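Participant: Would you mind keeping the following structure in view while I ask a few things?
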Amino acid sequence: MEDYDTLLQVLKFGLQLEKRGMSFYSKSSTMIEDPVGKQTLTFLATEEERHYKFIKGIFEDITSTKGKDISVSLDTLHEPTLFPPLPGYITRVRASETDIEILSQAEKLEIESRDYYLKKVREVEGRKAKRILEILAREEEKHYNWIKYLKDHVSGDGYWMGIDSYFSLDGA
């Protein structure tokens, strides 16, 4: 049996997490100097917005149908392509302390969100409820990996930035 009351509480907090992520990435994308960093943080802001809409759709479906139906497709969070390669993306801007601090904060944000969803997977009842939270946890893990790789790039360790597969990183 699905535990929609608990899931609604989790989703309500999830909306706050995603909104915080949108705000953080939008603001941070204007502060980071590295061009790939700017593009990645802008992309992550849109990812958080996509998550927000996904969660809100599920929340509204559950509340409007009293848990009888979730019409939001759980497949709406497909593996997106990160972004097309930037012309000249190998060119780097020397990472500033601000760049590194922004990315460190971003890592913490994604870990906190991932861990929250994983914890709630263990607490909520029902296959569908667990699947929703597992999907969200995987998304946050994927974001963490992107940020970790970007941090390697801006700190000078990112040899992999020259590999085309970075631009379609699936976070696995």
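As shown in the structure tokens, the chain order sets the letters A, B, ...; within each chain, residues go from 1, and ligands are also counted from 1 in the order they appear.
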As a PDB file with C-alpha atoms, in the first residue's frame, please: the residues near Glu18 in chain A (cut-off 7 Å, only C-alpha atoms, same-chain neighbours under 4 positions excluded).
Facilitator:
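Result file is result_10.pdb:
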```pdb
ATOM      1  CA  GLY A  14      11.767  18.343  -1.876  1.00  0.00           C
ATOM      2  CA  MET A  22      17.508  26.821  -8.655  1.00  0.00           C
ATOM      3  CA  GLU A  48      16.536  21.975 -10.603  1.00  0.00           C
ATOM      4  CA  GLU A  49      13.574  23.738 -12.229  1.00  0.00           C
ATOM      5  CA  HIS A  51      12.891  18.594 -10.823  1.00  0.00           C
ATOM      6  CA  TYR A  52      10.691  21.210  -9.149  1.00  0.00           C
TER       7      TYR A  52
END
```
Participant: So, with only C-alpha atoms as the atoms that count, which of A:Phe59, A:Phe43, A:Tyr116, A:Phe24 lies closest to Leu8 in chain A?
Facilitator: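 Among the listed residues, the smallest separation from Leu8 in chain A belongs to A:Phe59.
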Participant: Can you tell me, as a tab-separated table (two decimals) with N, CA and C atoms, in the first residue's frame, what residues are no more than 12 Å from Thr46 in chain A when counting only C-alpha atoms, ignoring any on the same chain fewer than 5 positions away?
Facilitator:
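Once written, selection.tsv looks like this:
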```
chain	number	residue	atom	x	y	z
A	18	GLU	N	14.65	21.86	-4.20
A	18	GLU	CA	14.83	22.18	-5.61
A	18	GLU	C	14.79	23.69	-5.84
A	19	LYS	N	13.93	24.38	-5.13
A	19	LYS	CA	13.86	25.84	-5.25
A	19	LYS	C	15.18	26.47	-4.78
A	21	GLY	N	18.07	25.01	-4.85
A	21	GLY	CA	19.04	24.69	-5.89
A	21	GLY	C	18.94	25.62	-7.07
A	22	MET	N	17.70	25.89	-7.53
A	22	MET	CA	17.51	26.82	-8.65
A	22	MET	C	18.12	28.18	-8.34
A	23	SER	N	17.83	28.67	-7.17
A	23	SER	CA	18.33	29.98	-6.76
A	23	SER	C	19.85	29.99	-6.68
A	24	PHE	N	20.40	28.97	-6.04
A	24	PHE	CA	21.86	28.88	-5.88
A	24	PHE	C	22.56	28.84	-7.23
A	25	TYR	N	22.11	27.96	-8.12
A	25	TYR	CA	22.78	27.81	-9.41
A	25	TYR	C	22.60	29.04	-10.30
A	26	SER	N	21.41	29.65	-10.26
A	26	SER	CA	21.20	30.86	-11.05
A	26	SER	C	22.14	31.98	-10.60
A	29	SER	N	25.92	31.07	-11.28
A	29	SER	CA	26.34	31.09	-12.69
A	29	SER	C	26.79	32.49	-13.11
A	39	GLN	N	28.30	27.68	-17.94
A	39	GLN	CA	27.31	26.89	-18.69
A	39	GLN	C	26.78	25.74	-17.84
A	40	THR	N	27.64	25.09	-17.09
A	40	THR	CA	27.20	23.97	-16.26
A	40	THR	C	26.25	24.44	-15.17
A	41	LEU	N	26.58	25.54	-14.50
A	41	LEU	CA	25.71	26.03	-13.43
A	41	LEU	C	24.38	26.53	-13.98
A	51	HIS	N	13.22	19.42	-11.99
A	51	HIS	CA	12.89	18.59	-10.82
A	51	HIS	C	11.72	19.20	-10.05
A	52	TYR	N	11.76	20.52	-9.88
A	52	TYR	CA	10.69	21.21	-9.15
A	52	TYR	C	9.34	20.93	-9.82
A	53	LYS	N	9.29	21.06	-11.14
A	53	LYS	CA	8.04	20.82	-11.87
A	53	LYS	C	7.61	19.36	-11.75
A	80	PRO	N	19.26	13.61	-19.45
A	80	PRO	CA	19.47	14.67	-20.43
A	80	PRO	C	20.93	14.71	-20.89
A	82	LEU	N	24.04	16.79	-21.16
A	82	LEU	CA	24.43	17.94	-20.33
A	82	LEU	C	24.33	19.22	-21.13
A	83	PHE	N	25.05	19.32	-22.19
A	83	PHE	CA	24.95	20.45	-23.11
A	83	PHE	C	25.88	20.21	-24.27
A	143	HIS	N	24.03	15.11	-10.59
A	143	HIS	CA	24.47	16.51	-10.47
A	143	HIS	C	25.76	16.60	-9.68
```
Participant: Using Å and a single decimal, report how far CA of Glu141 in chain A sits from CA of Leu7 in chain A.
Facilitator: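 The value is 20.3 Å.
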Participant: For Ser155 in chain A, which residue among A:Glu134, A:Gln9, A:Asp34, A:Ser64 is the nearest when counting only C-alpha atoms?
Facilitator: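 The closest residue to Ser155 in chain A is A:Asp34.
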Participant: For a quick check of understanding, using only C-alpha atoms, which of A:Lys56, A:Arg122, A:Lys38, A:Arg138 has the smallest distance to Gln16 in chain A?
Facilitator: A:Lys56
Participant: For range 102-115 of chain A, please output as an mmCIF file with C-alpha atoms, in the first residue's frame all residues within 7 Å (counting only C-alpha atoms; exclusion window: fewer than 6 positions along the same chain).
Facilitator:
```
data_model
loop_
_atom_site.group_PDB
_atom_site.id
_atom_site.type_symbol
_atom_site.label_atom_id
_atom_site.label_comp_id
_atom_site.auth_asym_id
_atom_site.auth_seq_id
_atom_site.Cartn_x
_atom_site.Cartn_y
_atom_site.Cartn_z
ATOM 1 C CA LEU A 17 15.332 21.751 -1.873
ATOM 2 C CA SER A 28 26.317 31.266 -8.883
ATOM 3 C CA ALA A 137 18.187 10.618 -5.527
ATOM 4 C CA GLU A 140 21.037 14.514 -7.368
ATOM 5 C CA GLU A 141 23.891 11.986 -7.585
ATOM 6 C CA HIS A 143 24.467 16.508 -10.470
ATOM 7 C CA TYR A 144 27.066 15.845 -7.795
ATOM 8 C CA ILE A 147 30.006 19.308 -10.231
ATOM 9 C CA LYS A 151 35.650 21.243 -9.991
#
```
Participant: Please list as a PDB file with N, CA and C atoms, in the first residue's frame every residue within 8 Å of range 127-129 of chain A, counting only C-alpha atoms and excluding residues in the same chain fewer than 2 positions away.
Facilitator:
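part-v3.pdb, written as the output of this step:
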```
ATOM      1  N   GLU A   2       0.499   2.209  -0.809  1.00  0.00           N
ATOM      2  CA  GLU A   2       1.272   3.441  -0.919  1.00  0.00           C
ATOM      3  C   GLU A   2       1.054   4.331   0.303  1.00  0.00           C
ATOM      4  N   ASP A   3       2.118   4.938   0.766  1.00  0.00           N
ATOM      5  CA  ASP A   3       2.092   5.834   1.917  1.00  0.00           C
ATOM      6  C   ASP A   3       2.129   7.279   1.400  1.00  0.00           C
ATOM      7  N   TYR A   4       0.985   7.736   0.907  1.00  0.00           N
ATOM      8  CA  TYR A   4       0.948   9.048   0.277  1.00  0.00           C
ATOM      9  C   TYR A   4       1.083  10.197   1.271  1.00  0.00           C
ATOM     10  N   LEU A   7       4.751  10.545   1.727  1.00  0.00           N
ATOM     11  CA  LEU A   7       5.318  11.008   0.460  1.00  0.00           C
ATOM     12  C   LEU A   7       5.028  12.491   0.246  1.00  0.00           C
ATOM     13  N   VAL A 121      13.518   7.154   1.067  1.00  0.00           N
ATOM     14  CA  VAL A 121      13.186   5.898   0.372  1.00  0.00           C
ATOM     15  C   VAL A 121      12.996   4.791   1.405  1.00  0.00           C
ATOM     16  N   VAL A 124       9.478   5.579   3.516  1.00  0.00           N
ATOM     17  CA  VAL A 124       8.164   5.630   2.898  1.00  0.00           C
ATOM     18  C   VAL A 124       7.724   4.226   2.480  1.00  0.00           C
ATOM     19  N   GLU A 125       6.425   3.997   2.510  1.00  0.00           N
ATOM     20  CA  GLU A 125       5.846   2.709   2.110  1.00  0.00           C
ATOM     21  C   GLU A 125       5.359   2.813   0.670  1.00  0.00           C
ATOM     22  N   ARG A 131       9.944   4.544  -5.765  1.00  0.00           N
ATOM     23  CA  ARG A 131      10.517   4.779  -7.099  1.00  0.00           C
ATOM     24  C   ARG A 131      10.699   6.278  -7.365  1.00  0.00           C
ATOM     25  N   ILE A 132       9.724   7.074  -6.980  1.00  0.00           N
ATOM     26  CA  ILE A 132       9.814   8.528  -7.159  1.00  0.00           C
ATOM     27  C   ILE A 132      11.048   9.067  -6.445  1.00  0.00           C
ATOM     28  N   LEU A 133      11.240   8.644  -5.215  1.00  0.00           N
ATOM     29  CA  LEU A 133      12.364   9.141  -4.417  1.00  0.00           C
ATOM     30  C   LEU A 133      13.698   8.603  -4.918  1.00  0.00           C
TER      31      LEU A 133
END
```
